[in-house]
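Printed here is coords12.pdb (PDB, C-alpha atoms, pLDDT in the B column):
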MODEL        1
ATOM      1  CA  MET T  11     180.291 -49.217  -6.384  1.00 53.00           C
ATOM      2  CA  ARG T  12     180.988 -45.853  -4.772  1.00 58.00           C
ATOM      3  CA  HIS T  13     180.766 -44.265  -8.196  1.00 59.00           C
ATOM      4  CA  LEU T  14     177.265 -45.663  -8.622  1.00 52.00           C
ATOM      5  CA  ALA T  15     175.877 -44.211  -5.381  1.00 55.00           C
ATOM      6  CA  PRO T  16     175.756 -40.573  -6.626  1.00 54.00           C
ATOM      7  CA  LEU T  17     174.285 -41.767  -9.928  1.00 48.00           C
ATOM      8  CA  ALA T  18     171.579 -43.785  -8.158  1.00 49.00           C
ATOM      9  CA  ALA T  19     170.797 -40.845  -5.863  1.00 49.00           C
ATOM     10  CA  GLY T  20     170.512 -38.539  -8.883  1.00 49.00           C
ATOM     11  CA  ILE T  21     168.145 -40.962 -10.628  1.00 51.00           C
ATOM     12  CA  LEU T  22     165.966 -41.249  -7.511  1.00 46.00           C
ATOM     13  CA  ILE T  23     165.805 -37.463  -7.145  1.00 50.00           C
ATOM     14  CA  GLY T  24     164.868 -37.121 -10.829  1.00 52.00           C
ATOM     15  CA  VAL T  25     162.133 -39.737 -10.537  1.00 49.00           C
ATOM     16  CA  ALA T  26     160.774 -38.085  -7.369  1.00 51.00           C
ATOM     17  CA  ALA T  27     160.746 -34.645  -9.034  1.00 49.00           C
ATOM     18  CA  THR T  28     159.011 -36.013 -12.128  1.00 50.00           C
ATOM     19  CA  THR T  29     156.418 -37.798  -9.980  1.00 50.00           C
ATOM     20  CA  ALA T  30     155.777 -34.647  -7.915  1.00 48.00           C
ATOM     21  CA  ALA T  31     155.390 -32.540 -11.065  1.00 47.00           C
ATOM     22  CA  ALA T  32     152.949 -35.061 -12.528  1.00 48.00           C
ATOM     23  CA  GLN T  33     150.879 -34.951  -9.335  1.00 52.00           C
ATOM     24  CA  LEU T  34     150.664 -31.134  -9.441  1.00 58.00           C
ATOM     25  CA  LYS T  35     149.685 -30.981 -13.105  1.00 60.00           C
ATOM     26  CA  PRO T  36     145.901 -31.300 -13.673  1.00 57.00           C
ATOM     27  CA  ALA T  37     144.729 -34.238 -15.696  1.00 66.00           C
ATOM     28  CA  PRO T  38     144.123 -33.403 -19.367  1.00 77.00           C
ATOM     29  CA  GLY T  39     140.611 -33.293 -20.776  1.00 81.00           C
ATOM     30  CA  GLY T  40     137.613 -34.040 -18.645  1.00 89.00           C
ATOM     31  CA  TYR T  41     133.924 -33.335 -19.044  1.00 93.00           C
ATOM     32  CA  VAL T  42     130.767 -32.301 -17.229  1.00 95.00           C
ATOM     33  CA  VAL T  43     127.324 -33.709 -18.050  1.00 96.00           C
ATOM     34  CA  GLU T  44     124.145 -32.004 -16.849  1.00 97.00           C
ATOM     35  CA  GLN T  45     120.487 -32.704 -17.531  1.00 97.00           C
ATOM     36  CA  ASP T  46     117.511 -30.342 -17.875  1.00 97.00           C
ATOM     37  CA  ALA T  47     115.818 -31.872 -14.842  1.00 97.00           C
ATOM     38  CA  THR T  48     118.719 -31.084 -12.506  1.00 96.00           C
ATOM     39  CA  VAL T  49     119.192 -27.415 -13.478  1.00 97.00           C
ATOM     40  CA  ALA T  50     115.628 -26.231 -14.288  1.00 98.00           C
ATOM     41  CA  ARG T  51     114.308 -23.312 -12.220  1.00 97.00           C
ATOM     42  CA  GLU T  52     111.043 -21.417 -12.567  1.00 98.00           C
ATOM     43  CA  GLU T  53     111.868 -17.731 -12.877  1.00 97.00           C
ATOM     44  CA  PRO T  54     110.109 -14.519 -13.847  1.00 97.00           C
ATOM     45  CA  GLY T  55     111.009 -13.074 -17.249  1.00 97.00           C
ATOM     46  CA  PRO T  56     114.552 -11.663 -16.943  1.00 96.00           C
ATOM     47  CA  HIS T  57     115.272  -7.938 -17.176  1.00 96.00           C
ATOM     48  CA  ALA T  58     111.697  -7.232 -16.002  1.00 96.00           C
ATOM     49  CA  GLY T  59     110.299  -9.020 -19.064  1.00 97.00           C
ATOM     50  CA  GLY T  60     107.275 -10.309 -17.165  1.00 96.00           C
ATOM     51  CA  GLY T  61     105.469 -13.614 -17.189  1.00 97.00           C
ATOM     52  CA  GLN T  62     106.748 -17.023 -16.205  1.00 97.00           C
ATOM     53  CA  THR T  63     109.807 -18.767 -17.627  1.00 98.00           C
ATOM     54  CA  ILE T  64     111.912 -21.811 -16.889  1.00 98.00           C
ATOM     55  CA  GLY T  65     115.657 -21.155 -16.870  1.00 98.00           C
ATOM     56  CA  TYR T  66     118.250 -23.868 -17.393  1.00 98.00           C
ATOM     57  CA  SER T  67     121.696 -22.615 -16.396  1.00 97.00           C
ATOM     58  CA  PHE T  68     124.049 -25.354 -17.503  1.00 97.00           C
ATOM     59  CA  PHE T  69     127.547 -25.609 -15.963  1.00 96.00           C
ATOM     60  CA  ARG T  70     126.830 -22.732 -13.558  1.00 94.00           C
ATOM     61  CA  SER T  71     129.055 -24.244 -10.853  1.00 92.00           C
ATOM     62  CA  THR T  72     131.877 -25.411 -13.103  1.00 92.00           C
ATOM     63  CA  PRO T  73     135.045 -23.708 -11.799  1.00 91.00           C
ATOM     64  CA  GLY T  74     136.947 -21.512 -14.251  1.00 89.00           C
ATOM     65  CA  LEU T  75     134.360 -21.720 -17.044  1.00 92.00           C
ATOM     66  CA  LYS T  76     133.878 -18.283 -18.625  1.00 93.00           C
ATOM     67  CA  LEU T  77     131.272 -19.491 -21.094  1.00 94.00           C
ATOM     68  CA  VAL T  78     127.606 -19.171 -20.119  1.00 96.00           C
ATOM     69  CA  PHE T  79     125.241 -21.659 -21.751  1.00 97.00           C
ATOM     70  CA  ARG T  80     121.539 -21.422 -20.948  1.00 98.00           C
ATOM     71  CA  LYS T  81     118.227 -22.644 -22.203  1.00 98.00           C
ATOM     72  CA  ARG T  82     115.089 -20.675 -21.433  1.00 98.00           C
ATOM     73  CA  VAL T  83     111.452 -21.602 -21.935  1.00 98.00           C
ATOM     74  CA  LEU T  84     109.240 -18.529 -22.197  1.00 98.00           C
ATOM     75  CA  LYS T  85     105.636 -19.393 -21.355  1.00 98.00           C
ATOM     76  CA  PRO T  86     102.807 -17.652 -23.259  1.00 97.00           C
ATOM     77  CA  GLY T  87     102.898 -13.899 -22.650  1.00 96.00           C
ATOM     78  CA  SER T  88     106.342 -13.857 -21.013  1.00 98.00           C
ATOM     79  CA  GLY T  89     109.479 -12.148 -22.198  1.00 98.00           C
ATOM     80  CA  ILE T  90     113.003 -10.923 -21.648  1.00 98.00           C
ATOM     81  CA  GLY T  91     112.890  -7.178 -21.005  1.00 97.00           C
ATOM     82  CA  TYR T  92     114.570  -4.659 -23.278  1.00 97.00           C
ATOM     83  CA  HIS T  93     118.125  -4.031 -22.040  1.00 96.00           C
ATOM     84  CA  GLU T  94     121.565  -2.904 -23.180  1.00 95.00           C
ATOM     85  CA  GLN T  95     124.048  -5.680 -23.895  1.00 93.00           C
ATOM     86  CA  ALA T  96     127.309  -5.743 -21.893  1.00 92.00           C
ATOM     87  CA  GLU T  97     128.932  -8.485 -24.014  1.00 94.00           C
ATOM     88  CA  ASP T  98     128.382 -10.305 -27.295  1.00 96.00           C
ATOM     89  CA  GLU T  99     125.465 -12.705 -26.846  1.00 97.00           C
ATOM     90  CA  ILE T 100     123.914 -15.351 -29.080  1.00 98.00           C
ATOM     91  CA  TYR T 101     120.262 -16.422 -29.022  1.00 98.00           C
ATOM     92  CA  TYR T 102     119.067 -19.491 -30.913  1.00 98.00           C
ATOM     93  CA  VAL T 103     115.374 -20.396 -31.231  1.00 98.00           C
ATOM     94  CA  LEU T 104     114.629 -24.119 -30.837  1.00 98.00           C
ATOM     95  CA  SER T 105     110.826 -23.916 -30.960  1.00 98.00           C
ATOM     96  CA  GLY T 106     107.898 -21.538 -30.673  1.00 98.00           C
ATOM     97  CA  ARG T 107     107.558 -17.969 -31.928  1.00 98.00           C
ATOM     98  CA  GLY T 108     108.745 -14.647 -30.623  1.00 98.00           C
ATOM     99  CA  ARG T 109     109.115 -10.993 -31.440  1.00 98.00           C
ATOM    100  CA  MET T 110     112.534  -9.549 -30.751  1.00 98.00           C
ATOM    101  CA  THR T 111     113.281  -5.856 -30.497  1.00 98.00           C
ATOM    102  CA  LEU T 112     116.825  -5.154 -31.691  1.00 98.00           C
ATOM    103  CA  ASP T 113     117.982  -1.555 -31.237  1.00 97.00           C
ATOM    104  CA  GLY T 114     114.355  -0.449 -31.552  1.00 96.00           C
ATOM    105  CA  ARG T 115     113.578  -2.584 -34.631  1.00 98.00           C
ATOM    106  CA  MET T 116     111.026  -5.460 -34.383  1.00 98.00           C
ATOM    107  CA  VAL T 117     112.041  -8.842 -35.826  1.00 98.00           C
ATOM    108  CA  ASP T 118     109.905 -12.006 -35.802  1.00 98.00           C
ATOM    109  CA  VAL T 119     111.857 -15.103 -34.744  1.00 98.00           C
ATOM    110  CA  GLY T 120     111.074 -18.813 -34.914  1.00 98.00           C
ATOM    111  CA  PRO T 121     112.742 -22.235 -35.009  1.00 98.00           C
ATOM    112  CA  GLY T 122     116.171 -22.114 -36.614  1.00 98.00           C
ATOM    113  CA  THR T 123     116.676 -18.364 -36.076  1.00 98.00           C
ATOM    114  CA  ALA T 124     120.067 -17.331 -34.659  1.00 98.00           C
ATOM    115  CA  ILE T 125     120.621 -13.796 -33.355  1.00 98.00           C
ATOM    116  CA  LEU T 126     123.939 -12.208 -32.388  1.00 98.00           C
ATOM    117  CA  THR T 127     123.610  -9.106 -30.211  1.00 97.00           C
ATOM    118  CA  ARG T 128     126.816  -7.095 -29.983  1.00 96.00           C
ATOM    119  CA  THR T 129     128.218  -5.213 -27.017  1.00 95.00           C
ATOM    120  CA  GLY T 130     126.409  -1.878 -26.616  1.00 95.00           C
ATOM    121  CA  SER T 131     123.317  -2.902 -28.564  1.00 97.00           C
ATOM    122  CA  SER T 132     119.894  -3.205 -26.921  1.00 97.00           C
ATOM    123  CA  HIS T 133     117.339  -5.960 -27.242  1.00 97.00           C
ATOM    124  CA  GLY T 134     114.324  -7.658 -25.699  1.00 98.00           C
ATOM    125  CA  LEU T 135     112.265 -10.725 -26.603  1.00 98.00           C
ATOM    126  CA  LYS T 136     108.556 -11.457 -26.216  1.00 98.00           C
ATOM    127  CA  GLN T 137     106.902 -14.852 -26.656  1.00 98.00           C
ATOM    128  CA  VAL T 138     103.982 -14.761 -29.130  1.00 98.00           C
ATOM    129  CA  GLY T 139     101.381 -17.375 -30.017  1.00 94.00           C
ATOM    130  CA  THR T 140     100.154 -20.334 -28.007  1.00 97.00           C
ATOM    131  CA  ASP T 141     103.313 -22.465 -27.845  1.00 98.00           C
ATOM    132  CA  ASP T 142     106.203 -21.969 -25.448  1.00 98.00           C
ATOM    133  CA  LEU T 143     109.194 -20.157 -26.956  1.00 98.00           C
ATOM    134  CA  VAL T 144     112.332 -22.234 -26.295  1.00 98.00           C
ATOM    135  CA  ILE T 145     115.708 -20.585 -26.815  1.00 98.00           C
ATOM    136  CA  LEU T 146     119.402 -21.196 -26.173  1.00 98.00           C
ATOM    137  CA  ILE T 147     121.525 -18.301 -24.907  1.00 98.00           C
ATOM    138  CA  ASN T 148     125.310 -18.224 -25.032  1.00 97.00           C
ATOM    139  CA  TYR T 149     127.849 -15.572 -24.029  1.00 95.00           C
ATOM    140  CA  GLU T 150     131.234 -15.178 -22.390  1.00 93.00           C
ATOM    141  CA  GLN T 151     130.935 -14.010 -18.818  1.00 85.00           C
ATOM    142  CA  ALA T 152     133.179 -11.194 -17.648  1.00 71.00           C
ATOM    143  CA  PRO T 153     135.714 -12.431 -15.048  1.00 62.00           C
ATOM    144  CA  SER T 154     134.336 -10.108 -12.354  1.00 53.00           C
ATOM    145  CA  SER T 155     130.737 -11.318 -12.734  1.00 48.00           C
ATOM    146  CA  PRO T 156     129.759 -13.586  -9.838  1.00 51.00           C
ATOM    147  CA  GLU T 157     127.245 -15.677 -11.815  1.00 52.00           C
ATOM    148  CA  PRO T 158     125.159 -15.705 -14.975  1.00 52.00           C
ATOM    149  CA  ARG T 159     122.200 -13.311 -14.953  1.00 51.00           C
ATOM    150  CA  ARG T 160     119.930 -14.590 -17.736  1.00 54.00           C
TER     151      ARG T 160
ENDMDL
END

Can I see the file as structure tokens?
Amino acid sequence: MRHLAPLAAGILIGVAATTAAAQLKPAPGGYVVEQDATVAREEPGPHAGGGQTIGYSFFRSTPGLKLVFRKRVLKPGSGIGYHEQAEDEIYYVLSGRGRMTLDGRMVDVGPGTAILTRTGSSHGLKQVGTDDLVILINYEQAPSSPEPRR
């Protein structure tokens, strides 16, 4: 029996250590679900673009997420002002029409258009026509940035 006591103590210590390690390790997976209605904010056109827009900054408060995912509705006459890009950024047009200036060159955009702007390039976007211009914007946020700016 005395030979079993150290063995039992060793097993208990091993089980306790395994349990403690499992409690410290974050659970795998997980998800966050957000809806337009909970994140929508009326905002002026970013980068001094003018006009009225509605910004949807999804997952803004999700800890540790470097990815920025936004939707923006540009009302008639509004825009995103011409600015230099600090990181790769993707725009995708869901609906409406716009005119995008890419490094000084004008490009008409509409539903199904995807645009990649690279670091160091410059661009701006202006809504045209009578319908709202609805876009998705995606980029990786620099670690030092406090929050998304688009």

Exercise for review: Considering all atoms listed in the file, return as a VMD selection string whatever protein or nucleic-acid residues lie within 10 Å of region 117-129 of chain T, sequence-local ones (same chain, fewer than 5 positions apart) excluded.
Suggested key: chain T and resid 94 to 112 135 to 138 143 to 149

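When CA of Pro54 (chain T) is paired with CA of Ala152 (chain T), their separation reads 23.6 Å.
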
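Our summary of the geometry notes that CA of Gly55 (chain T) is positioned 7.2 Å from CA of Gly91 (chain T).
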
Practice item. Within 8 Å of (119.9, -22.9, -19.0) (coordinates as in the file), grab all the protein and nucleic acid residues, counting all atoms listed in the file, and write them out as a ChimeraX atom specification. Key: /T:46,49-50,65-68,79-82,146-147

Export, as a short mmCIF file (atom, residue, chain, number, x, y, z; two decimals), in the frame of the given file, the selected residues with C-alpha atoms.
data_model
loop_
_atom_site.label_atom_id
_atom_site.label_comp_id
_atom_site.auth_asym_id
_atom_site.auth_seq_id
_atom_site.Cartn_x
_atom_site.Cartn_y
_atom_site.Cartn_z
CA ASP T 46 117.51 -30.34 -17.88
CA VAL T 49 119.19 -27.42 -13.48
CA ALA T 50 115.63 -26.23 -14.29
CA GLY T 65 115.66 -21.16 -16.87
CA TYR T 66 118.25 -23.87 -17.39
CA SER T 67 121.70 -22.62 -16.40
CA PHE T 68 124.05 -25.35 -17.50
CA PHE T 79 125.24 -21.66 -21.75
CA ARG T 80 121.54 -21.42 -20.95
CA LYS T 81 118.23 -22.64 -22.20
CA ARG T 82 115.09 -20.68 -21.43
CA LEU T 146 119.40 -21.20 -26.17
CA ILE T 147 121.52 -18.30 -24.91
#

Exercise for review: Starting from the displayed file, determine the output of the PyMOL selection byres ((chain T and resi 52) around 6) and express the residue list as number ranges by chain.
Suggested key: T: 51, 53, 63-64

Point to revise | Neighbour list for Tyr41 (chain T) as a PyMOL selection string, cut-off 12 Å, all atoms listed in the file, skip fewer than 6 positions in-chain | key: chain T and resi 69+72+75

Exercise for review: Find, counting all atoms listed in the file, the residue in T:Gly40, T:Gln151, T:His57, T:Thr48 that gets nearest to Ser88 (chain T).
Suggested key: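 Smallest distance to Ser88 (chain T) is found for T:His57.
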
Review point. What separation in Å, quoted to one decimal, exists between CA of Ser132 (chain T) and CA of Arg115 (chain T)?
Key: 10.0 Å

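Shortest atom-to-atom contact with Ser131 (chain T) among T:Ala58, T:Glu150, T:Pro38, T:Tyr92: T:Tyr92, counting all atoms listed in the file.
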
Practice item. Name the closest residue to Ser71 (chain T) among the candidates T:Ile90, T:Ala47, T:Val42, T:Met116; distances are taken between atoms, counting all atoms listed in the file. Key: T:Val42

Review point. Between T:Pro73, T:Gly114, T:Asp141, T:Gly59, which one has atoms that come closest to Lys85 (chain T), using all atoms listed in the file?
Key: T:Asp141

Would you fill the gaps in region 57-81 of chain T so it has N, CA and C atoms, then print it as a compact mmCIF listing (two decimals), in the frame of the given file?
# COMPACT_ATOMS: atom_id res chain seq x y z
N HIS T 57 115.22 -9.36 -16.82
CA HIS T 57 115.27 -7.94 -17.18
C HIS T 57 113.87 -7.32 -17.16
N ALA T 58 113.07 -7.74 -16.17
CA ALA T 58 111.70 -7.23 -16.00
C ALA T 58 110.84 -7.49 -17.23
N GLY T 59 111.06 -8.66 -17.86
CA GLY T 59 110.30 -9.02 -19.06
C GLY T 59 108.88 -9.48 -18.78
N GLY T 60 108.62 -9.89 -17.55
CA GLY T 60 107.28 -10.31 -17.16
C GLY T 60 106.98 -11.75 -17.51
N GLY T 61 105.91 -12.25 -16.93
CA GLY T 61 105.47 -13.61 -17.19
C GLY T 61 106.33 -14.65 -16.49
N GLN T 62 106.06 -15.90 -16.83
CA GLN T 62 106.75 -17.02 -16.20
C GLN T 62 107.64 -17.73 -17.21
N THR T 63 108.87 -18.04 -16.78
CA THR T 63 109.81 -18.77 -17.63
C THR T 63 110.43 -19.91 -16.83
N ILE T 64 111.09 -20.79 -17.53
CA ILE T 64 111.91 -21.81 -16.89
C ILE T 64 113.33 -21.61 -17.42
N GLY T 65 114.26 -21.36 -16.50
CA GLY T 65 115.66 -21.16 -16.87
C GLY T 65 116.47 -22.41 -16.60
N TYR T 66 117.35 -22.71 -17.52
CA TYR T 66 118.25 -23.87 -17.39
C TYR T 66 119.67 -23.32 -17.51
N SER T 67 120.34 -23.17 -16.40
CA SER T 67 121.70 -22.62 -16.40
C SER T 67 122.69 -23.77 -16.30
N PHE T 68 123.13 -24.22 -17.46
CA PHE T 68 124.05 -25.35 -17.50
C PHE T 68 125.46 -24.93 -17.10
N PHE T 69 126.14 -25.76 -16.35
CA PHE T 69 127.55 -25.61 -15.96
C PHE T 69 127.79 -24.38 -15.09
N ARG T 70 126.76 -23.92 -14.42
CA ARG T 70 126.83 -22.73 -13.56
C ARG T 70 127.90 -22.88 -12.48
N SER T 71 128.08 -24.08 -11.93
CA SER T 71 129.06 -24.24 -10.85
C SER T 71 130.37 -24.84 -11.30
N THR T 72 130.62 -24.86 -12.60
CA THR T 72 131.88 -25.41 -13.10
C THR T 72 132.98 -24.36 -12.91
N PRO T 73 133.98 -24.68 -12.09
CA PRO T 73 135.04 -23.71 -11.80
C PRO T 73 135.81 -23.31 -13.06
N GLY T 74 136.10 -22.02 -13.18
CA GLY T 74 136.95 -21.51 -14.25
C GLY T 74 136.30 -21.43 -15.63
N LEU T 75 135.03 -21.77 -15.74
CA LEU T 75 134.36 -21.72 -17.04
C LEU T 75 133.82 -20.31 -17.28
N LYS T 76 134.33 -19.64 -18.31
CA LYS T 76 133.88 -18.28 -18.62
C LYS T 76 132.63 -18.29 -19.50
N LEU T 77 132.39 -19.38 -20.16
CA LEU T 77 131.27 -19.49 -21.09
C LEU T 77 129.97 -19.74 -20.35
N VAL T 78 128.93 -18.97 -20.69
CA VAL T 78 127.61 -19.17 -20.12
C VAL T 78 126.75 -19.83 -21.19
N PHE T 79 126.10 -20.93 -20.82
CA PHE T 79 125.24 -21.66 -21.75
C PHE T 79 123.92 -21.91 -21.05
N ARG T 80 122.85 -21.32 -21.58
CA ARG T 80 121.54 -21.42 -20.95
C ARG T 80 120.49 -21.83 -21.96
N LYS T 81 119.46 -22.43 -21.44
CA LYS T 81 118.23 -22.64 -22.20
C LYS T 81 117.14 -21.93 -21.41
